[in-house]
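Here is entry09.txt, consisting of compact mmCIF, C-alpha atoms and all ligand atoms:
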```
# COMPACT_ATOMS: atom_id res chain seq x y z
CA MET A 1 132.85 109.58 118.02
CA ASP A 2 135.92 109.82 115.83
CA ARG A 3 136.83 106.56 114.13
CA THR A 4 138.64 105.52 111.01
CA PHE A 5 137.81 102.49 108.88
CA SER A 6 140.17 100.98 106.30
CA LEU A 7 138.53 100.00 103.05
CA GLY A 8 141.11 98.46 100.78
CA PRO A 9 143.80 101.10 100.30
CA ARG A 10 141.51 103.96 101.39
CA ARG A 11 140.63 105.25 104.85
CA THR A 12 137.24 106.62 105.88
CA ARG A 13 137.09 108.82 108.95
CA VAL A 14 133.71 108.95 110.72
CA ARG A 15 132.85 111.74 113.11
CA SER A 16 129.54 112.41 114.81
CA PHE A 17 128.26 115.60 116.37
CA ASP A 18 125.41 116.45 118.71
CA SER A 19 125.31 120.07 117.50
CA ARG A 20 122.06 121.48 116.02
CA SER A 21 123.67 122.85 112.87
CA ILE A 22 126.30 121.74 110.39
CA LEU A 23 129.61 123.21 111.35
CA PRO A 24 130.98 125.36 108.55
CA ASP A 25 133.45 123.94 106.24
CA ASP A 26 136.36 122.61 108.13
CA ILE A 27 135.35 119.54 106.11
CA ALA A 28 137.19 120.78 103.05
CA SER A 29 139.97 122.27 105.24
CA GLY A 30 139.90 125.59 103.45
CA LYS A 31 140.27 123.96 100.02
CA ALA A 32 137.74 124.36 97.23
CA ALA A 33 134.55 122.33 97.45
CA VAL A 34 131.23 121.69 95.75
CA TRP A 35 128.12 120.92 97.80
CA VAL A 36 125.46 118.51 96.55
CA CYS A 37 122.02 118.37 98.21
CA ASP A 38 118.32 118.20 97.41
CA ASP A 39 115.28 120.30 98.38
CA ALA A 40 114.93 118.41 101.65
CA THR A 41 118.45 119.22 102.81
CA ARG A 42 119.37 122.57 101.23
CA GLY A 43 118.01 124.38 104.31
CA PHE A 44 120.70 122.71 106.43
CA LEU A 45 123.66 123.99 104.40
CA PRO A 46 126.17 126.01 106.38
CA ASP A 47 127.19 129.45 105.10
CA THR A 48 129.40 128.74 102.14
CA LYS A 49 130.94 130.53 99.20
CA ASN A 50 131.31 127.23 97.37
CA PRO A 51 128.88 126.25 94.60
CA VAL A 52 125.81 124.28 95.63
CA VAL A 53 124.11 121.78 93.33
CA VAL A 54 120.48 121.19 94.33
CA LEU A 55 119.20 117.97 92.73
CA PRO A 56 115.59 116.75 92.49
CA ARG A 57 114.43 114.49 95.34
CA GLY A 58 114.20 110.75 95.10
CA GLU A 59 115.58 107.78 93.20
CA GLU A 60 114.80 109.37 89.78
CA ALA A 61 117.71 111.76 90.39
CA LYS A 62 120.23 108.90 90.21
CA ASN A 63 121.08 109.54 86.58
CA TRP A 64 123.83 110.90 84.29
CA ASP A 65 122.31 114.35 84.21
CA SER A 66 122.81 114.72 87.98
CA VAL A 67 126.40 113.50 87.73
CA LEU A 68 127.12 115.99 84.96
CA ARG A 69 125.60 118.83 86.99
CA VAL A 70 128.01 118.05 89.82
CA ILE A 71 130.92 117.86 87.39
CA ASP A 72 129.92 121.18 85.75
CA ALA A 73 129.90 122.79 89.21
CA ALA A 74 133.33 121.30 89.95
CA LEU A 75 134.66 122.71 86.67
CA SER A 76 133.20 126.13 87.44
CA VAL A 77 135.37 126.48 90.58
CA PRO A 78 137.61 124.93 89.14
CA LEU A 79 138.05 122.07 91.59
CA GLY A 80 141.39 120.26 91.53
CA ARG A 81 141.91 116.65 92.58
CA ASP A 82 142.50 117.90 96.13
CA GLY A 83 139.12 119.68 96.11
CA THR A 84 136.16 118.05 97.84
CA ILE A 85 132.71 117.08 96.66
CA ILE A 86 130.47 117.20 99.74
CA ALA A 87 127.12 115.39 99.75
CA LEU A 88 124.41 116.52 102.13
CA GLY A 89 121.48 114.17 101.68
CA GLY A 90 120.11 110.66 101.84
CA GLY A 91 121.48 107.58 100.10
CA VAL A 92 120.47 108.97 96.70
CA ILE A 93 122.48 112.19 97.04
CA CYS A 94 125.41 110.36 98.64
CA ASP A 95 125.51 107.74 95.83
CA ILE A 96 125.40 110.40 93.08
CA ALA A 97 128.00 112.69 94.68
CA ALA A 98 130.28 109.75 95.43
CA PHE A 99 130.07 108.51 91.86
CA ALA A 100 130.78 112.00 90.48
CA SER A 101 133.72 112.32 92.87
CA SER A 102 135.14 108.96 91.74
CA VAL A 103 135.21 109.96 88.07
CA TYR A 104 135.98 113.69 88.26
CA MET A 105 139.66 114.01 87.33
CA ARG A 106 139.90 110.23 87.99
CA GLY A 107 138.97 110.86 91.61
CA CYS A 108 138.80 113.91 93.87
CA GLU A 109 138.18 114.18 97.62
CA LEU A 110 134.79 113.06 98.92
CA ALA A 111 132.93 113.93 102.14
CA LEU A 112 129.45 112.64 102.96
CA ILE A 113 126.96 114.17 105.37
CA PRO A 114 124.17 111.57 105.31
CA SER A 115 120.76 112.96 106.22
CA THR A 116 118.54 109.88 106.46
CA LEU A 117 118.95 107.16 109.05
CA LEU A 118 119.57 104.57 106.33
CA SER A 119 122.37 106.61 104.81
CA MET A 120 123.91 107.32 108.24
CA ILE A 121 124.21 103.68 109.25
CA ASP A 122 124.53 102.00 105.87
CA ALA A 123 124.80 103.78 102.51
CA SER A 124 127.55 106.24 103.49
CA LEU A 125 130.10 103.61 104.48
CA GLY A 126 131.54 100.87 102.30
CA GLY A 127 132.54 102.59 99.08
CA LYS A 128 129.65 101.66 96.80
CA THR A 129 128.67 104.53 94.51
CA GLY A 130 126.26 104.52 91.63
CA ILE A 131 123.45 105.71 89.46
CA ASP A 132 120.56 103.90 87.78
CA TYR A 133 120.19 103.34 84.04
CA GLY A 134 117.16 102.10 82.12
CA SER A 135 115.37 99.78 84.49
CA TYR A 136 118.59 98.81 86.27
CA LYS A 137 119.32 100.10 89.77
CA ASN A 138 122.92 101.04 90.56
CA ILE A 139 124.04 99.49 87.27
CA ILE A 140 126.66 102.19 86.66
CA GLY A 141 128.98 102.78 89.57
CA SER A 142 132.34 102.45 91.18
CA PHE A 143 133.99 101.54 94.42
CA TYR A 144 135.15 104.76 96.06
CA PRO A 145 135.08 105.10 99.85
CA ALA A 146 134.59 108.63 101.20
CA ARG A 147 137.47 110.32 103.00
CA GLU A 148 135.06 111.69 105.62
CA ILE A 149 131.61 110.81 106.90
CA LEU A 150 130.03 113.38 109.20
CA ILE A 151 127.03 112.29 111.23
CA TYR A 152 124.61 114.94 112.49
CA PRO A 153 121.63 113.18 114.13
CA PHE A 154 119.70 116.48 114.42
CA LEU A 155 119.09 116.19 110.64
CA LEU A 156 116.74 113.28 111.34
CA LYS A 157 114.20 115.51 113.09
CA THR A 158 112.65 116.50 109.75
CA LEU A 159 112.66 113.01 108.24
CA SER A 160 109.25 111.41 107.66
CA GLU A 161 108.20 108.71 110.11
CA THR A 162 108.18 106.16 107.28
CA GLU A 163 111.77 106.93 106.24
CA TYR A 164 112.92 106.99 109.86
CA LEU A 165 111.40 103.60 110.70
CA SER A 166 112.68 102.18 107.44
CA GLY A 167 116.27 103.07 108.40
CA LEU A 168 115.73 102.04 112.01
CA ALA A 169 115.03 98.44 110.98
CA GLU A 170 118.61 98.26 109.68
CA VAL A 171 119.91 99.67 112.98
CA LEU A 172 118.05 96.90 114.83
CA LYS A 173 119.45 94.37 112.34
CA HIS A 174 123.01 95.53 113.12
CA ALA A 175 122.29 94.91 116.81
CA LEU A 176 121.52 91.26 116.04
CA ILE A 177 124.71 90.78 114.06
CA GLU A 178 127.10 92.01 116.73
CA GLU A 179 127.68 90.50 120.14
CA GLY A 180 128.13 93.82 121.98
CA SER A 181 125.64 95.89 123.96
CA LEU A 182 123.81 97.60 121.08
CA PHE A 183 120.91 95.14 121.29
CA GLU A 184 120.35 95.74 125.01
CA ASP A 185 120.73 99.52 124.66
CA LEU A 186 118.21 99.65 121.83
CA ARG A 187 115.80 97.69 123.98
CA LEU A 188 116.26 99.96 126.97
CA ARG A 189 116.14 103.22 125.03
CA ARG A 190 113.25 102.45 122.70
CA ASN A 191 111.20 105.53 123.61
CA THR A 192 114.05 108.00 123.21
CA VAL A 193 115.09 106.32 119.95
CA LEU A 194 111.54 106.67 118.61
CA GLU A 195 111.49 110.31 119.79
CA ARG A 196 114.77 110.84 117.87
CA ASP A 197 116.59 112.20 120.91
CA VAL A 198 119.78 113.71 119.48
CA ALA A 199 122.07 112.73 122.37
CA VAL A 200 120.86 109.12 122.31
CA LEU A 201 121.17 108.89 118.53
CA ASN A 202 124.60 110.47 118.68
CA ASP A 203 125.65 107.47 120.74
CA LEU A 204 123.73 104.72 118.93
CA ILE A 205 124.18 105.69 115.27
CA PRO A 206 128.00 105.54 115.24
CA ARG A 207 127.83 102.19 117.05
CA SER A 208 125.41 100.85 114.46
CA LEU A 209 127.56 102.19 111.63
CA ALA A 210 130.59 100.54 113.24
CA VAL A 211 128.91 97.12 112.86
CA LYS A 212 128.82 97.68 109.12
CA GLY A 213 132.31 99.20 109.27
CA ARG A 214 133.86 96.15 110.92
CA ILE A 215 132.25 93.84 108.38
CA VAL A 216 133.22 95.81 105.27
CA GLU A 217 136.77 96.20 106.61
CA ALA A 218 137.00 92.43 106.94
CA ASP A 219 135.41 91.84 103.54
CA PRO A 220 135.72 94.94 101.34
CA THR A 221 135.07 93.10 98.06
CA GLU A 222 132.04 91.06 99.20
CA GLN A 223 133.63 87.63 99.13
CA GLY A 224 132.30 86.36 102.45
CA ILE A 225 130.91 87.78 105.67
CA ARG A 226 129.56 90.97 104.09
CA ALA A 227 126.60 88.77 103.20
CA HIS A 228 125.68 88.74 106.91
CA LEU A 229 124.46 92.30 106.44
CA ASN A 230 121.72 90.84 104.24
CA LEU A 231 119.98 89.20 107.20
CA GLY A 232 116.25 89.32 106.41
CA HIS A 233 116.82 90.74 102.93
CA THR A 234 116.07 87.71 100.74
CA PHE A 235 112.72 87.15 102.43
CA GLY A 236 112.08 90.91 102.63
CA HIS A 237 112.97 91.77 99.01
CA ALA A 238 110.66 89.04 97.75
CA LEU A 239 107.80 90.48 99.83
CA GLU A 240 108.55 93.96 98.51
CA SER A 241 108.50 92.67 94.92
CA GLN A 242 105.33 90.69 95.42
CA LEU A 243 103.46 93.64 96.91
CA GLY A 244 104.85 95.94 94.19
CA LEU A 245 107.90 98.14 94.77
CA GLY A 246 107.19 101.10 97.04
CA VAL A 247 104.09 99.65 98.73
CA LEU A 248 105.98 98.48 101.80
CA PRO A 249 108.96 100.59 102.96
CA HIS A 250 112.21 98.67 102.61
CA GLY A 251 112.95 98.56 106.36
CA HIS A 252 109.53 97.17 107.18
CA ALA A 253 110.10 94.41 104.64
CA VAL A 254 113.53 93.69 106.19
CA ALA A 255 111.97 93.46 109.69
CA TRP A 256 109.37 91.02 108.34
CA GLY A 257 112.14 89.11 106.55
CA ILE A 258 114.20 88.82 109.73
CA ALA A 259 111.20 87.29 111.51
CA ARG A 260 110.94 84.72 108.69
CA ALA A 261 114.69 84.02 108.83
CA MET A 262 114.32 83.30 112.54
CA GLU A 263 111.42 80.90 111.93
CA ALA A 264 113.21 79.18 109.06
CA GLY A 265 116.39 78.78 111.15
CA THR A 266 114.32 77.31 113.98
CA ALA A 267 112.58 74.88 111.60
CA LEU A 268 116.03 73.87 110.35
CA GLY A 269 117.02 73.06 113.92
CA GLU A 270 119.78 75.69 113.94
CA THR A 271 118.26 78.81 115.51
CA ASP A 272 117.80 78.87 119.26
CA PRO A 273 113.97 79.18 119.60
CA ALA A 274 114.36 81.54 122.58
CA TRP A 275 116.53 83.86 120.44
CA ALA A 276 113.99 83.72 117.59
CA ALA A 277 111.23 84.77 120.01
CA GLU A 278 113.39 87.53 121.49
CA VAL A 279 114.14 88.95 118.03
CA LYS A 280 110.47 89.00 117.04
CA ASP A 281 109.55 90.76 120.31
CA PHE A 282 112.36 93.26 119.71
CA PHE A 283 111.04 94.29 116.27
CA ALA A 284 107.39 94.16 117.36
CA SER A 285 108.19 96.49 120.30
CA TYR A 286 109.37 99.07 117.75
CA GLY A 287 106.05 98.79 115.94
CA TYR A 288 106.98 96.67 112.91
CA ASN A 289 104.24 94.44 111.57
CA LEU A 290 105.79 90.98 111.30
CA ASP A 291 102.60 89.23 110.23
CA TYR A 292 102.01 90.28 106.60
CA ARG A 293 100.34 87.37 104.88
CA ILE A 294 101.67 86.05 101.59
CA PRO A 295 98.75 86.12 99.12
CA ASP A 296 100.31 83.60 96.73
CA ILE A 297 103.04 81.34 98.13
CA GLY A 298 103.89 79.84 94.71
CA GLU A 299 104.51 83.27 93.19
CA TYR A 300 106.48 84.34 96.27
CA LEU A 301 108.75 81.29 95.98
CA ASP A 302 109.31 82.02 92.27
CA ILE A 303 110.49 85.51 93.21
CA ILE A 304 112.86 84.05 95.82
CA GLN A 305 114.34 81.72 93.19
CA ARG A 306 115.21 84.73 91.04
CA ASP A 307 117.07 86.46 93.92
CA LYS A 308 120.08 88.25 92.48
CA LYS A 309 122.34 86.89 95.23
CA ARG A 310 121.76 83.34 93.96
CA LYS A 311 125.03 81.40 93.61
CA ASN A 312 125.65 78.05 91.86
CA GLY A 313 121.93 77.53 91.34
CA ALA A 314 120.98 77.95 95.02
CA VAL A 315 119.70 80.83 97.08
CA ASN A 316 121.64 81.07 100.31
CA PHE A 317 119.63 82.52 103.17
CA VAL A 318 121.27 84.49 105.95
CA LEU A 319 120.26 82.88 109.24
CA GLN A 320 121.29 83.06 112.88
CA ARG A 321 121.87 80.51 115.61
CA ARG A 322 121.79 83.25 118.23
CA ARG A 323 122.95 86.86 118.58
CA GLY A 324 126.28 87.41 116.85
CA ASN A 325 126.24 83.92 115.33
CA THR A 326 125.21 84.35 111.69
CA PHE A 327 125.54 81.82 108.88
CA LEU A 328 124.37 81.13 105.34
CA ALA A 329 122.40 78.09 104.22
CA PRO A 330 120.09 77.02 101.39
CA LEU A 331 116.58 76.16 102.56
CA PRO A 332 114.44 73.26 101.29
CA VAL A 333 111.30 74.41 99.45
CA GLU A 334 109.07 72.40 101.81
CA LEU A 335 110.54 74.19 104.81
CA LEU A 336 109.96 77.57 103.15
CA LYS A 337 106.36 76.66 102.36
CA GLU A 338 105.77 75.61 105.96
CA VAL A 339 107.13 78.92 107.29
CA LEU A 340 104.97 80.91 104.84
CA ARG A 341 101.86 78.79 105.36
CA ARG A 342 101.89 79.61 109.06
CA LEU A 343 101.35 83.23 108.05
CA SER A 344 98.47 82.47 105.73
CA HIS A 345 96.24 81.17 108.49
P1 LIG A 401 116.66 109.00 99.76
O1 LIG A 401 118.04 109.48 99.62
O2 LIG A 401 115.80 108.94 98.55
O3 LIG A 401 115.92 109.87 100.87
C1 LIG A 401 114.57 109.58 101.18
C2 LIG A 401 113.73 110.85 101.17
O4 LIG A 401 114.05 111.60 102.33
C3 LIG A 401 114.00 111.75 99.97
O5 LIG A 401 112.77 112.30 99.54
C4 LIG A 401 114.87 112.85 100.55
O6 LIG A 401 114.73 114.07 99.87
C5 LIG A 401 114.35 112.95 101.95
N1 LIG A 401 115.28 113.43 102.96
C6 LIG A 401 116.61 113.20 103.06
N2 LIG A 401 117.10 113.70 104.18
C7 LIG A 401 116.06 114.33 104.82
C8 LIG A 401 115.95 115.03 106.04
N3 LIG A 401 116.98 115.18 106.87
N4 LIG A 401 114.73 115.52 106.37
C9 LIG A 401 113.66 115.34 105.55
N5 LIG A 401 113.72 114.67 104.40
C10 LIG A 401 114.91 114.15 104.03
O7 LIG A 401 116.61 107.52 100.41
P2 LIG A 401 117.60 106.73 101.38
O8 LIG A 401 116.75 105.70 101.99
O9 LIG A 401 118.41 107.61 102.24
O10 LIG A 401 118.61 106.05 100.38
C11 LIG A 401 118.19 105.15 99.38
C12 LIG A 401 119.25 105.12 98.32
O11 LIG A 401 120.48 104.71 98.94
C13 LIG A 401 118.97 104.15 97.19
O12 LIG A 401 119.23 104.79 95.97
C14 LIG A 401 119.94 103.01 97.43
O13 LIG A 401 120.36 102.42 96.21
C15 LIG A 401 121.08 103.72 98.11
N6 LIG A 401 121.87 102.85 98.97
C16 LIG A 401 123.21 102.84 98.77
C17 LIG A 401 124.02 102.04 99.56
C18 LIG A 401 125.50 102.05 99.37
O14 LIG A 401 126.18 101.21 99.99
N7 LIG A 401 126.02 102.96 98.59
C19 LIG A 401 123.44 101.22 100.56
C20 LIG A 401 122.06 101.28 100.75
C21 LIG A 401 121.28 102.09 99.95
```
Taking this structure as input, can you express it in the form of structure tokens?
Ligand code: NAD
Amino acid sequence: MDRTFSLGPRRTRVRSFDSRSILPDDIASGKAAVWVCDDATRGFLPDTKNPVVVLPRGEEAKNWDSVLRVIDAALSVPLGRDGTIIALGGGVICDIAAFASSVYMRGCELALIPSTLLSMIDASLGGKTGIDYGSYKNIIGSFYPAREILIYPFLLKTLSETEYLSGLAEVLKHALIEEGSLFEDLRLRRNTVLERDVAVLNDLIPRSLAVKGRIVEADPTEQGIRAHLNLGHTFGHALESQLGLGVLPHGHAVAWGIARAMEAGTALGETDPAWAAEVKDFFASYGYNLDYRIPDIGEYLDIIQRDKKRKNGAVNFVLQRRRGNTFLAPLPVELLKEVLRRLSH
């Protein structure tokens, strides 16, 4: 695939490859570059004479120190504004490198080679960059879409099962949001998707990313339909918080949340019950547990009320009537309790 998305005044070109190694640097087209990776991805670097910054793994790396290490490497080249910072890693590495690129000389070139499924179909596209500070996630950041995103599905072979399934839930979510054939293809190719077949992923990942691409193109500043991408997230985030962050992988919580969104939409009389059942079967067939019980419904509802996407005093839930027909609505507390109570029995 070779596709370009327009994000405000900037263009992001997405290419995907079914090769088993990262092709050496035509990415930076012969110009100077700095590579940013972590221990999990350094082994995939192509031969390069450019400096390589290897950051620690995990969310803790999203800090100023990492940004300054990238900037120090850029200065050591020295990289001009036409030089490229190239991230090879998951969402963490991509977010750090993108933020560093947005502030280095007020913005230099940026290429992302996402290495987790989540970063391939979500974090790499859309222009959000950032680091954490204090107890705040992504509190320091900028809007800076990458010039290039290069997708190499072979990278996913070494990803843990938990991380893979966590990203896969968002791929399945994209298939619900669009009206095209992604849903049917994911149903038909479940085994090869779970086996991480490179040729199959090389087809499906760019199509999943394109769902996000079309939405962020239509709504780059998050005024409207970008919220559709949060299908299942309000319910899912609250479950993640209640269980304690890190207990349930994000994607599993999203899958559970989508099941609740389907039930809530049905109880509201908006969601086609046959579609709700089909969605639950779809996620269950991929092995997601949709039946986690809520230990304390009152506490869970308190967490929902504090959702950061709350507007004008109300939490708007992302719901669906059927595939490709997504809408936002507040939900009465009694309806929420009923949906959650069904799980407690
Ligand atoms: P991550 O980057 O922490 O990667 C997860 C783990 O997998 C890490 O330990 C990493 O070292 C390892 N890993 C990465 N690639 C690997 C590979 N190919 N093989 C084996 N191990 C590998 O997590 P993530 O889920 O990719 O991203 C989460 C981050 O993305 C969060 O910080 C979140 O805020 C951010 N994010 C950003 C956006 C955005 O729009 N910018 C969107 C969603 C999430």
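Nearest-residue note for ligand LIG 401 (chain A): choosing from A:Gly236, A:Gly244, A:Gly251, A:Gly134, the minimum distance belongs to A:Gly251, counting only C-alpha atoms and all ligand atoms.
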Fewer than 4 positions away in the same chain doesn't count, so skip those; otherwise give me all residues within 6 Å of range 32-40 of chain A, counting only C-alpha atoms, as a list of chain:residue names.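 Residues meeting the cut-off are A:Asn50, A:Pro51, A:Val52, A:Val53, A:Val54, A:Leu55, A:Pro56, A:Arg57, A:Gly83, A:Thr84, A:Ile85, A:Ile86, A:Ala87, A:Leu88, A:Gly89.
Excluding Leu7 in chain A and any residue on its chain fewer than 3 positions from it, the residues at most 8 Å away by only C-alpha atoms are Arg10, Arg11, Thr12, Gly126, Gly127, Pro145, Val216, Glu217 and Pro220 of chain A.
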Export of the given selection (C-alpha atoms) as a short mmCIF file (atom, residue, chain, number, x, y, z; two decimals), in the frame of the given file:
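Written output follows (selection-v7.cif):
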```
data_model
loop_
_atom_site.label_atom_id
_atom_site.label_comp_id
_atom_site.auth_asym_id
_atom_site.auth_seq_id
_atom_site.Cartn_x
_atom_site.Cartn_y
_atom_site.Cartn_z
CA ARG A 10 141.51 103.96 101.39
CA ARG A 11 140.63 105.25 104.85
CA THR A 12 137.24 106.62 105.88
CA GLY A 126 131.54 100.87 102.30
CA GLY A 127 132.54 102.59 99.08
CA PRO A 145 135.08 105.10 99.85
CA VAL A 216 133.22 95.81 105.27
CA GLU A 217 136.77 96.20 106.61
CA PRO A 220 135.72 94.94 101.34
#
```
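Atom pair CA of Ile113 in chain A / CA of Leu194 in chain A: separated by 21.7 Å.
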Nearest to Leu155 in chain A among A:Leu268, A:Ala314, A:Ala175, A:Val198, with distances taken over all atoms listed in the file: which residue is it?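 Distance minimum relative to Leu155 in chain A lands on A:Val198.
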As a CSV table (one decimal), in the frame of the given file, the rebuilt range 110-131 of chain A with N, CA, C and O atoms:
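This is the output file out.csv:
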```csv
chain,number,residue,atom,x,y,z
A,110,LEU,N,136.2,113.3,98.7
A,110,LEU,CA,134.8,113.1,98.9
A,110,LEU,C,134.4,113.1,100.4
A,110,LEU,O,135.1,112.4,101.2
A,111,ALA,N,133.5,113.9,100.8
A,111,ALA,CA,132.9,113.9,102.1
A,111,ALA,C,131.4,113.7,102.1
A,111,ALA,O,130.8,114.3,101.2
A,112,LEU,N,130.9,112.9,103.0
A,112,LEU,CA,129.4,112.6,103.0
A,112,LEU,C,128.8,113.1,104.3
A,112,LEU,O,129.4,112.8,105.4
A,113,ILE,N,127.7,113.8,104.2
A,113,ILE,CA,127.0,114.2,105.4
A,113,ILE,C,125.6,113.5,105.2
A,113,ILE,O,124.7,114.1,104.5
A,114,PRO,N,125.4,112.3,105.6
A,114,PRO,CA,124.2,111.6,105.3
A,114,PRO,C,123.0,112.2,106.1
A,114,PRO,O,123.3,112.6,107.3
A,115,SER,N,121.9,112.3,105.5
A,115,SER,CA,120.8,113.0,106.2
A,115,SER,C,119.5,112.1,106.5
A,115,SER,O,118.5,112.6,107.0
A,116,THR,N,119.6,110.8,106.1
A,116,THR,CA,118.5,109.9,106.5
A,116,THR,C,119.2,108.8,107.4
A,116,THR,O,120.4,108.7,107.3
A,117,LEU,N,118.4,108.2,108.1
A,117,LEU,CA,119.0,107.2,109.0
A,117,LEU,C,119.6,106.0,108.2
A,117,LEU,O,120.7,105.6,108.6
A,118,LEU,N,119.0,105.6,107.1
A,118,LEU,CA,119.6,104.6,106.3
A,118,LEU,C,121.0,105.0,105.8
A,118,LEU,O,121.9,104.2,105.9
A,119,SER,N,121.1,106.2,105.4
A,119,SER,CA,122.4,106.6,104.8
A,119,SER,C,123.4,106.8,105.9
A,119,SER,O,124.6,106.6,105.7
A,120,MET,N,122.9,107.2,107.1
A,120,MET,CA,123.9,107.3,108.2
A,120,MET,C,124.5,106.0,108.7
A,120,MET,O,125.7,105.9,109.0
A,121,ILE,N,123.7,104.9,108.7
A,121,ILE,CA,124.2,103.7,109.2
A,121,ILE,C,124.5,102.7,108.2
A,121,ILE,O,125.0,101.6,108.5
A,122,ASP,N,124.3,103.0,106.9
A,122,ASP,CA,124.5,102.0,105.9
A,122,ASP,C,125.2,102.6,104.6
A,122,ASP,O,126.3,102.4,104.3
A,123,ALA,N,124.4,103.4,103.9
A,123,ALA,CA,124.8,103.8,102.5
A,123,ALA,C,126.1,104.6,102.5
A,123,ALA,O,126.8,104.5,101.5
A,124,SER,N,126.4,105.3,103.5
A,124,SER,CA,127.6,106.2,103.5
A,124,SER,C,128.9,105.5,103.6
A,124,SER,O,129.9,105.9,103.0
A,125,LEU,N,128.9,104.3,104.2
A,125,LEU,CA,130.1,103.6,104.5
A,125,LEU,C,130.2,102.3,103.6
A,125,LEU,O,129.2,101.6,103.5
A,126,GLY,N,131.3,102.1,103.0
A,126,GLY,CA,131.5,100.9,102.3
A,126,GLY,C,132.0,101.1,100.9
A,126,GLY,O,132.5,100.1,100.3
A,127,GLY,N,131.9,102.3,100.4
A,127,GLY,CA,132.5,102.6,99.1
A,127,GLY,C,131.7,102.4,97.8
A,127,GLY,O,132.1,102.6,96.7
A,128,LYS,N,130.5,101.9,98.0
A,128,LYS,CA,129.6,101.7,96.8
A,128,LYS,C,129.0,103.0,96.3
A,128,LYS,O,128.4,103.7,97.1
A,129,THR,N,129.3,103.3,95.1
A,129,THR,CA,128.7,104.5,94.5
A,129,THR,C,127.9,104.1,93.3
A,129,THR,O,128.1,103.0,92.8
A,130,GLY,N,126.9,105.0,92.8
A,130,GLY,CA,126.3,104.5,91.6
A,130,GLY,C,125.1,105.3,91.2
A,130,GLY,O,124.5,106.1,92.0
A,131,ILE,N,124.7,105.1,90.0
A,131,ILE,CA,123.4,105.7,89.5
A,131,ILE,C,122.7,104.6,88.8
A,131,ILE,O,123.2,103.5,88.5
```
